[in-house]
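Undergrad: Got a structure for you, entry-v4.tsv, holding TSV, C-alpha atoms and all ligand atoms.
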chain	number	residue	atom	x	y	z
P	608	MET	CA	24.63	-18.95	16.88
P	609	GLU	CA	24.79	-15.74	14.87
P	610	LEU	CA	21.67	-13.65	14.98
P	611	THR	CA	21.51	-13.55	11.23
P	612	GLN	CA	21.30	-17.33	11.14
P	613	PHE	CA	18.51	-17.53	13.63
P	614	HIS	CA	15.22	-17.54	11.78
P	615	PRO	CA	12.55	-18.94	14.07
P	616	SER	CA	9.21	-19.62	12.44
P	617	TYR	CA	7.37	-18.25	15.41
P	618	PHE	CA	7.86	-15.32	17.72
P	619	GLN	CA	6.76	-16.31	21.18
P	620	ASP	CA	3.20	-17.56	20.78
P	621	PHE	CA	2.43	-15.87	17.49
P	622	ARG	CA	1.01	-17.99	14.72
P	623	TYR	CA	1.96	-16.05	11.59
P	624	VAL	CA	4.41	-13.27	12.35
P	625	TYR	CA	8.04	-13.40	13.44
P	626	PRO	CA	10.86	-10.84	13.51
P	627	VAL	CA	14.33	-11.70	12.25
P	628	VAL	CA	17.57	-9.82	11.92
P	629	SER	CA	18.03	-10.44	8.24
P	630	ARG	CA	21.17	-10.51	6.14
P	631	ARG	CA	19.00	-9.96	3.09
P	632	ALA	CA	17.27	-6.87	4.52
P	633	ASN	CA	20.33	-5.59	6.43
P	634	GLY	CA	18.19	-4.96	9.48
P	635	VAL	CA	14.97	-6.19	10.99
P	636	SER	CA	12.59	-7.94	8.67
P	637	ILE	CA	9.20	-8.92	10.01
P	638	GLY	CA	8.26	-12.19	8.40
P	639	VAL	CA	4.70	-13.20	7.69
P	640	ASN	CA	4.26	-16.92	7.37
P	641	LEU	CA	1.05	-17.81	5.53
P	642	SER	CA	1.99	-21.50	5.61
P	643	PRO	CA	1.93	-22.65	9.24
P	644	SER	CA	1.10	-26.11	7.85
P	645	LYS	CA	4.37	-25.95	5.83
P	646	ARG	CA	2.53	-26.31	2.53
P	647	CYS	CA	4.72	-25.78	-0.53
P	648	ASN	CA	4.68	-26.87	-4.17
P	649	PHE	CA	8.49	-27.17	-4.17
P	650	ARG	CA	10.67	-29.51	-2.10
P	651	CYS	CA	13.96	-27.68	-2.47
P	652	VAL	CA	16.93	-29.80	-1.47
P	653	TYR	CA	18.33	-26.89	0.54
P	654	CYS	CA	15.08	-25.99	2.33
P	655	GLN	CA	15.57	-25.84	6.08
P	656	VAL	CA	11.90	-26.38	6.91
P	657	ASP	CA	11.42	-29.73	8.61
P	658	ARG	CA	8.40	-31.29	6.92
P	659	SER	CA	8.57	-34.58	8.81
P	660	GLU	CA	5.92	-33.06	11.07
P	661	ARG	CA	3.17	-31.13	9.35
P	662	ARG	CA	0.08	-29.46	10.68
P	663	PRO	CA	-3.20	-29.81	8.81
P	664	ASP	CA	-3.82	-27.10	6.20
P	665	ALA	CA	-6.16	-24.44	7.56
P	666	ALA	CA	-7.48	-21.06	6.43
P	667	VAL	CA	-5.28	-18.12	7.37
P	668	ASP	CA	-6.87	-15.98	10.08
P	669	VAL	CA	-6.03	-12.67	8.41
P	670	ASP	CA	-7.38	-10.58	11.26
P	671	LEU	CA	-5.05	-12.37	13.69
P	672	MET	CA	-2.17	-12.01	11.24
P	673	ARG	CA	-2.80	-8.27	11.02
P	674	ARG	CA	-2.88	-7.90	14.83
P	675	GLU	CA	0.35	-9.89	15.20
P	676	LEU	CA	2.06	-7.80	12.51
P	677	GLU	CA	1.01	-4.53	14.10
P	678	ALA	CA	2.20	-5.72	17.54
P	679	VAL	CA	5.63	-6.85	16.30
P	680	ALA	CA	6.07	-3.70	14.20
P	681	LYS	CA	5.30	-1.48	17.20
P	682	THR	CA	7.64	-3.53	19.39
P	683	THR	CA	10.43	-3.15	16.84
P	684	VAL	CA	9.98	0.56	16.27
P	685	SER	CA	9.81	1.28	20.01
P	686	GLY	CA	13.04	-0.64	20.58
P	687	ASP	CA	11.40	-3.08	23.00
P	688	LEU	CA	12.27	-5.94	20.67
P	689	PHE	CA	15.95	-5.48	21.52
P	690	ARG	CA	15.22	-5.93	25.19
P	691	CYS	CA	14.31	-9.57	24.44
P	692	GLU	CA	17.23	-11.89	25.11
P	693	ARG	CA	17.12	-13.24	21.57
P	694	PHE	CA	17.62	-9.79	20.02
P	695	ALA	CA	19.68	-8.09	22.71
P	696	GLN	CA	22.95	-8.49	20.77
P	697	THR	CA	21.65	-6.92	17.59
P	698	PRO	CA	24.23	-4.34	16.43
P	699	GLU	CA	23.00	-0.76	16.54
P	700	SER	CA	23.26	-0.45	12.76
P	701	LYS	CA	20.80	-3.31	12.29
P	702	ARG	CA	18.17	-2.06	14.75
P	703	VAL	CA	16.16	-0.66	11.89
P	704	LEU	CA	12.85	-2.00	10.63
P	705	ARG	CA	13.46	-2.60	6.93
P	706	ASP	CA	10.57	-4.62	5.61
P	707	PHE	CA	7.53	-6.78	6.06
P	708	ALA	CA	8.15	-9.96	4.13
P	709	PHE	CA	5.85	-12.77	3.06
P	710	SER	CA	8.13	-15.69	3.64
P	711	GLY	CA	8.06	-18.53	6.13
P	712	ASP	CA	7.52	-22.26	5.91
P	713	GLY	CA	6.01	-22.60	2.43
P	714	GLU	CA	4.93	-20.74	-0.69
P	715	PRO	CA	2.89	-17.69	0.44
P	716	THR	CA	0.86	-17.32	-2.76
P	717	LEU	CA	-0.66	-20.78	-2.32
P	718	ALA	CA	-2.82	-19.38	0.48
P	719	PRO	CA	-6.28	-18.43	-0.82
P	720	GLU	CA	-6.15	-15.55	1.67
P	721	PHE	CA	-3.00	-14.11	0.08
P	722	GLY	CA	-4.81	-11.04	-1.32
P	723	ALA	CA	-6.44	-10.26	2.02
P	724	ALA	CA	-3.09	-10.70	3.76
P	725	VAL	CA	-1.49	-8.20	1.35
P	726	ASP	CA	-4.22	-5.70	2.18
P	727	ALA	CA	-3.69	-6.24	5.90
P	728	MET	CA	0.05	-5.67	5.47
P	729	ILE	CA	-0.57	-2.45	3.54
P	730	ASP	CA	-2.98	-1.32	6.23
P	731	VAL	CA	-0.46	-1.86	9.06
P	732	ARG	CA	2.24	0.02	7.12
P	733	LYS	CA	-0.15	2.95	6.61
P	734	THR	CA	-1.60	2.93	10.13
P	735	LEU	CA	1.85	3.09	11.71
P	736	SER	CA	3.17	5.57	9.08
P	737	LEU	CA	6.04	3.28	8.19
P	738	ASP	CA	6.70	4.98	4.87
P	739	ALA	CA	10.26	3.70	4.53
P	740	VAL	CA	9.29	0.09	5.17
P	741	LYS	CA	9.27	-2.15	2.12
P	742	LEU	CA	6.72	-4.85	1.48
P	743	THR	CA	8.43	-7.92	0.09
P	744	LEU	CA	7.12	-11.14	-1.34
P	745	ILE	CA	9.60	-14.00	-1.33
P	746	THR	CA	8.20	-16.51	-3.75
P	747	ASN	CA	9.02	-19.51	-5.91
P	748	ALA	CA	7.27	-17.68	-8.77
P	749	THR	CA	4.91	-20.51	-9.65
P	750	LEU	CA	1.68	-18.52	-9.20
P	751	LEU	CA	2.71	-14.97	-10.05
P	752	ALA	CA	0.55	-14.77	-13.16
P	753	GLU	CA	-2.64	-16.03	-11.52
P	754	PRO	CA	-5.14	-13.15	-11.58
P	755	ARG	CA	-5.88	-13.28	-7.83
P	756	VAL	CA	-2.13	-13.15	-7.08
P	757	ALA	CA	-1.26	-10.57	-9.75
P	758	GLU	CA	-4.02	-8.22	-8.60
P	759	ALA	CA	-2.80	-8.45	-5.00
P	760	LEU	CA	0.75	-7.78	-6.17
P	761	ASP	CA	-0.39	-4.65	-8.01
P	762	ARG	CA	-1.49	-3.35	-4.61
P	763	LEU	CA	1.71	-4.52	-2.92
P	764	ALA	CA	3.84	-2.86	-5.61
P	765	ALA	CA	1.96	0.42	-5.20
P	766	ASN	CA	2.99	0.44	-1.53
P	767	ASN	CA	6.78	0.19	-1.84
P	768	GLY	CA	6.48	-3.47	-2.72
P	769	GLU	CA	9.00	-5.74	-4.35
P	770	ILE	CA	8.94	-9.35	-5.56
P	771	TRP	CA	11.86	-11.66	-4.86
P	772	ALA	CA	11.48	-14.55	-7.26
P	773	LYS	CA	13.35	-17.83	-7.04
P	774	LEU	CA	15.25	-19.08	-10.09
P	775	ASP	CA	17.59	-21.90	-9.18
P	776	GLY	CA	18.87	-22.81	-12.62
P	777	GLY	CA	18.71	-22.15	-16.33
P	778	ASP	CA	17.28	-25.45	-17.52
P	779	ALA	CA	14.50	-27.82	-16.58
P	780	GLN	CA	16.85	-30.58	-15.50
P	781	ARG	CA	18.75	-28.50	-12.93
P	782	VAL	CA	15.62	-26.84	-11.54
P	783	LYS	CA	13.83	-30.17	-11.24
P	784	ALA	CA	16.82	-31.66	-9.42
P	785	ILE	CA	17.22	-28.76	-6.98
P	786	ASP	CA	13.64	-27.61	-6.45
P	787	ARG	CA	11.92	-30.99	-6.89
P	788	THR	CA	8.68	-29.56	-8.23
P	789	ALA	CA	6.07	-30.72	-10.71
P	790	VAL	CA	5.62	-27.14	-11.93
P	791	PRO	CA	7.19	-26.89	-15.41
P	792	PHE	CA	10.39	-24.87	-15.68
P	793	GLU	CA	8.94	-22.92	-18.63
P	794	ARG	CA	6.05	-21.69	-16.51
P	795	ILE	CA	8.42	-20.48	-13.78
P	796	LEU	CA	10.45	-18.58	-16.39
P	797	GLU	CA	7.35	-17.11	-18.03
P	798	ASN	CA	6.05	-16.00	-14.65
P	799	ILE	CA	9.28	-14.23	-13.73
P	800	ALA	CA	9.33	-12.50	-17.13
P	801	PHE	CA	5.68	-11.49	-16.64
P	802	ALA	CA	6.41	-10.21	-13.12
P	803	ALA	CA	9.49	-8.25	-14.17
P	804	LYS	CA	7.48	-6.37	-16.80
P	805	ARG	CA	4.82	-5.43	-14.26
P	806	TRP	CA	6.65	-4.91	-10.94
P	807	ASN	CA	10.10	-4.50	-9.37
P	808	VAL	CA	11.67	-7.92	-9.22
P	809	LYS	CA	14.85	-9.34	-7.79
P	810	ILE	CA	15.94	-12.84	-8.68
P	811	GLN	CA	16.98	-15.13	-5.83
P	812	THR	CA	19.21	-18.02	-6.75
P	813	ALA	CA	20.54	-20.82	-4.62
P	814	ALA	CA	23.98	-22.01	-5.67
P	815	LEU	CA	25.10	-25.27	-4.13
P	816	SER	CA	26.63	-28.62	-4.65
P	817	TRP	CA	23.99	-31.32	-4.94
P	818	ASP	CA	24.94	-34.95	-4.67
P	819	GLY	CA	28.59	-34.01	-5.04
P	820	ALA	CA	28.08	-31.89	-8.17
P	821	ALA	CA	28.48	-28.12	-8.24
P	822	PRO	CA	26.82	-26.24	-11.13
P	823	THR	CA	28.72	-26.92	-14.34
P	824	ASP	CA	29.98	-24.19	-16.67
P	825	ALA	CA	27.26	-25.16	-19.15
P	826	GLU	CA	24.56	-24.90	-16.48
P	827	ILE	CA	25.85	-21.49	-15.40
P	828	GLU	CA	25.85	-20.37	-19.03
P	829	ARG	CA	22.24	-21.47	-19.48
P	830	TYR	CA	21.22	-19.72	-16.26
P	831	CYS	CA	22.83	-16.45	-17.38
P	832	ASP	CA	21.16	-16.77	-20.78
P	833	ARG	CA	17.70	-17.17	-19.19
P	834	VAL	CA	18.21	-14.18	-16.90
P	835	LYS	CA	19.47	-12.05	-19.78
P	836	GLU	CA	16.45	-13.02	-21.88
P	837	ILE	CA	14.19	-11.72	-19.10
P	838	VAL	CA	16.11	-8.43	-18.94
P	839	ASP	CA	16.36	-8.05	-22.72
P	840	GLY	CA	12.63	-8.73	-22.99
P	841	GLY	CA	11.96	-5.54	-21.02
P	842	GLY	CA	12.03	-7.02	-17.55
P	843	ASN	CA	12.75	-4.70	-14.64
P	844	VAL	CA	15.16	-6.87	-12.69
P	845	GLY	CA	16.79	-5.00	-9.82
P	846	GLY	CA	19.53	-7.56	-9.31
P	847	VAL	CA	20.35	-11.09	-8.30
P	848	GLN	CA	20.61	-12.39	-4.75
P	849	LEU	CA	23.02	-15.30	-4.87
P	850	TYR	CA	22.80	-17.62	-1.88
P	851	THR	CA	24.38	-20.81	-0.84
P	852	VAL	CA	23.43	-23.21	1.93
P	853	ALA	CA	23.72	-21.35	5.26
P	854	ARG	CA	21.49	-23.30	7.60
P	855	VAL	CA	20.87	-27.00	8.09
P	856	PRO	CA	19.09	-28.18	4.93
P	857	SER	CA	16.49	-30.93	4.66
P	858	GLU	CA	18.99	-32.96	2.62
P	859	PRO	CA	22.56	-33.50	3.83
P	860	ARG	CA	23.59	-34.00	0.19
P	861	ALA	CA	22.96	-30.27	-0.34
P	862	VAL	CA	26.31	-28.65	0.43
P	863	ALA	CA	27.38	-25.01	0.40
P	864	LEU	CA	29.76	-23.66	-2.21
P	865	ASP	CA	32.87	-22.12	-0.72
P	866	ASP	CA	33.40	-18.35	-0.77
P	867	ALA	CA	35.79	-18.43	-3.73
P	868	LYS	CA	33.31	-20.38	-5.87
P	869	MET	CA	30.51	-17.99	-4.88
P	870	ASP	CA	32.65	-14.98	-5.83
P	871	ALA	CA	33.58	-16.54	-9.17
P	872	LEU	CA	29.95	-17.39	-9.92
P	873	ALA	CA	28.79	-13.88	-8.99
P	874	ALA	CA	31.45	-12.37	-11.26
P	875	THR	CA	30.27	-14.51	-14.17
P	876	ILE	CA	26.63	-13.55	-13.62
P	877	ARG	CA	27.55	-9.87	-13.43
P	878	GLU	CA	29.60	-10.07	-16.59
P	879	LYS	CA	27.05	-12.01	-18.63
P	880	THR	CA	23.83	-10.33	-17.48
P	881	GLY	CA	24.96	-6.81	-16.54
P	882	LEU	CA	23.01	-7.10	-13.28
P	883	ALA	CA	24.17	-6.30	-9.77
P	884	VAL	CA	24.71	-9.47	-7.75
P	885	ASP	CA	24.60	-9.60	-3.96
P	886	VAL	CA	26.36	-12.63	-2.53
P	887	PHE	CA	25.36	-14.42	0.67
P	888	TYR	CA	27.99	-16.87	1.81
P	889	SER	CA	27.55	-19.95	3.94
P	890	LYS	CA	28.76	-18.17	7.10
P	901	LIG	S1	10.12	-22.88	-2.11
P	901	LIG	FE1	10.92	-22.17	-0.13
P	901	LIG	S2	9.62	-23.14	1.43
P	901	LIG	FE2	9.25	-24.23	-0.51
P	901	LIG	S3	10.66	-25.97	-0.42
P	901	LIG	FE3	11.73	-24.31	-1.50
P	901	LIG	S4	12.91	-23.21	0.07
P	901	LIG	FE4	11.37	-24.49	1.13
Re-express the file's structure as structure tokens.
TA:
Amino acid sequence: MELTQFHPSYFQDFRYVYPVVSRRANGVSIGVNLSPSKRCNFRCVYCQVDRSERRPDAAVDVDLMRRELEAVAKTTVSGDLFRCERFAQTPESKRVLRDFAFSGDGEPTLAPEFGAAVDAMIDVRKTLSLDAVKLTLITNATLLAEPRVAEALDRLAANNGEIWAKLDGGDAQRVKAIDRTAVPFERILENIAFAAKRWNVKIQTAALSWDGAAPTDAEIERYCDRVKEIVDGGGNVGGVQLYTVARVPSEPRAVALDDAKMDALAATIREKTGLAVDVFYSK
């Protein structure tokens, strides 16, 4: 198994923090999972989190999270991480700590302790003088405009922070089919527009065939229109991350697009939105 495909939810016995060699970050990303119970308000068809077994929801122990993050960050910076069997084959060029990322098994901003966790992350970055390390929130964008979340993100953004917001389609029908959420599509769009005016945002988009149907030309057109509206409305969008299915999804009917289709889709998005598009293929 390629290292870049190996994203364990837990590092040894840690509850919240796990290192990965990340394609997205082009190096080591230290993930912070605020959803050990796998709580999410989406049920994306391509999600690889197995929710057949769930733990009970519980408060995040932010002090423990902070200690785990500091320990893994020190282990990475010292190089000891690459003495572990799991990371021993990491190419030299990727043995760089790139970011701390709220990610994991559910939507991070659902945790009431999200703000405290952001502060703990900022504190670890400062304590270890990791000035080049980014702080990233990977989010489905549903709660970005909530005051408790927005205020925490102001602090994240002031510390080399960036928001990676999911937008899996340009219309309610496609998003509902792919993300399977009760959150209205309009709210997701409004939240991304709000976020892009206030912070640095990248848009993350999953492109896949669902139930035998790849995105149609009309769906792609609508998606590009929505993204362009966000940019034209003054949104600071740093680019699009275009993914397809790369790991085993929760639904076998979610199938990766081949490389040629991904390249064609990326070219269309570039042409119609003017944004840079990074493509992440199935392998
Ligand atoms: S938002 Fe993320 S964690 Fe939640 S279902 Fe979708 S892919 Fe999985």
Undergrad: Distance limit 7 Å, reference ligand LIG 901 (chain P), atoms considered: all atoms listed in the file. Which residues make the cut? Give them as a PyMOL selection string.
TA: chain P and resi 647-651+653-656+711-714+746-747+786
Undergrad: Check the smallest atom-to-atom distance from each of P:Ala724, P:Ala772, P:Ile745, P:Leu849 to Ala759 (chain P) using all atoms listed in the file, then report the winner.
TA: P:Ala724
Undergrad: Calculate how many Å separate CA of Val808 (chain P) from CA of Val731 (chain P), rounding to one decimal.
TA: 22.8 Å
Undergrad: Of the candidates P:Val834, P:Ile810, P:Ala861, P:Ala871, which one gets nearest to Gly846 (chain P) if we count only C-alpha atoms?
TA: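 So, comparing all the options, the nearest one is P:Ile810.
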Undergrad: When you draw a straight line from CA of Ala739 (chain P) to CA of Arg690 (chain P), how long is it in Å?
TA: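 Atom-to-atom, CA of Ala739 (chain P) and CA of Arg690 (chain P) are spaced 23.3 Å apart.
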Undergrad: Please list as a list of chain:residue names every residue within 9 Å of region 674-678 of chain P, counting all atoms listed in the file and excluding residues in the same chain fewer than 5 positions away.
TA: P:Phe621, P:Arg622, P:Tyr623, P:Val624, P:Tyr625, P:Ile637, P:Gly638, P:Val639, P:Val669, P:Thr683, P:Phe707, P:Ala727, P:Met728, P:Val731, P:Arg732, P:Thr734, P:Leu735
Undergrad: Taking the point (10.4, -9.0, 4.5) as given in the file, collect each protein or nucleic acid residue that comes within 10 Å of it, counting only C-alpha atoms, and present the set as a list in words.
TA: Pro626, Val627, Ser629, Arg631, Ala632, Val635, Ser636, Ile637, Gly638, Val639, Leu704, Arg705, Asp706, Phe707, Ala708, Phe709, Ser710, Gly711, Val740, Lys741, Leu742, Thr743, Leu744, Ile745, Gly768, Glu769 and Trp771 of chain P
Undergrad: Take CA of Glu793 (chain P) and CA of Ala779 (chain P) and report the distance between them in Å, one decimal.
TA: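 Between CA of Glu793 (chain P) and CA of Ala779 (chain P) the gap works out to 7.7 Å.
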Undergrad: From the options P:Glu797, P:Asp839, P:Glu826, P:Asp866, which residue's atoms come nearest to Gln780 (chain P), counting only C-alpha atoms?
TA: P:Glu826
Undergrad: Give me the residues within 7 Å of Leu751 (chain P) as an MDAnalysis selection string, counting only C-alpha atoms and dropping any in the same chain fewer than 6 places off.
TA: chainID P and resid 757 798 802
Undergrad: Skipping near chain neighbours, those fewer than 2 positions away, what residues fall within 7 Å of Leu815 (chain P) using all atoms listed in the file, listed as a short mmCIF file (atom, residue, chain, number, x, y, z; two decimals) with C-alpha atoms, in the coordinates of the input?
TA:
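Here's the written file part24.cif:
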data_model
loop_
_atom_site.label_atom_id
_atom_site.label_comp_id
_atom_site.auth_asym_id
_atom_site.auth_seq_id
_atom_site.Cartn_x
_atom_site.Cartn_y
_atom_site.Cartn_z
CA ALA P 813 20.54 -20.82 -4.62
CA TRP P 817 23.99 -31.32 -4.94
CA ALA P 821 28.48 -28.12 -8.24
CA THR P 851 24.38 -20.81 -0.84
CA VAL P 852 23.43 -23.21 1.93
CA ALA P 861 22.96 -30.27 -0.34
CA VAL P 862 26.31 -28.65 0.43
CA ALA P 863 27.38 -25.01 0.40
CA LEU P 864 29.76 -23.66 -2.21
#
Undergrad: Would you mind listing what lies within 9 Å of Ala800 (chain P) as a list in words, with only C-alpha atoms counted and same-chain residues fewer than 6 positions away left out?
TA: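 Counting only C-alpha atoms, the residues come to Glu836, Ile837, Val838, Gly840, Gly841, Gly842 and Asn843 of chain P.
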Undergrad: Using all atoms listed in the file, can you tell me which of P:Ala874, P:Val679, P:Glu753, P:Arg860 comes closest to Gly819 (chain P)?
TA: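 That would be P:Arg860, the residue with the smallest distance to Gly819 (chain P).
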Undergrad: For Arg787 (chain P), which of P:Pro715, P:Val684, P:Thr823, P:Asp775 is the closest residue, counting all atoms listed in the file?
TA: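 Nearest candidate to Arg787 (chain P) out of P:Pro715, P:Val684, P:Thr823, P:Asp775: P:Asp775.
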Undergrad: Between P:Ile785, P:Leu737, P:Lys701, P:Leu763, single out the one closest to Ser857 (chain P), counting all atoms listed in the file.
TA: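 Once distances to Ser857 (chain P) are computed over all atoms listed in the file, the minimum belongs to P:Ile785.
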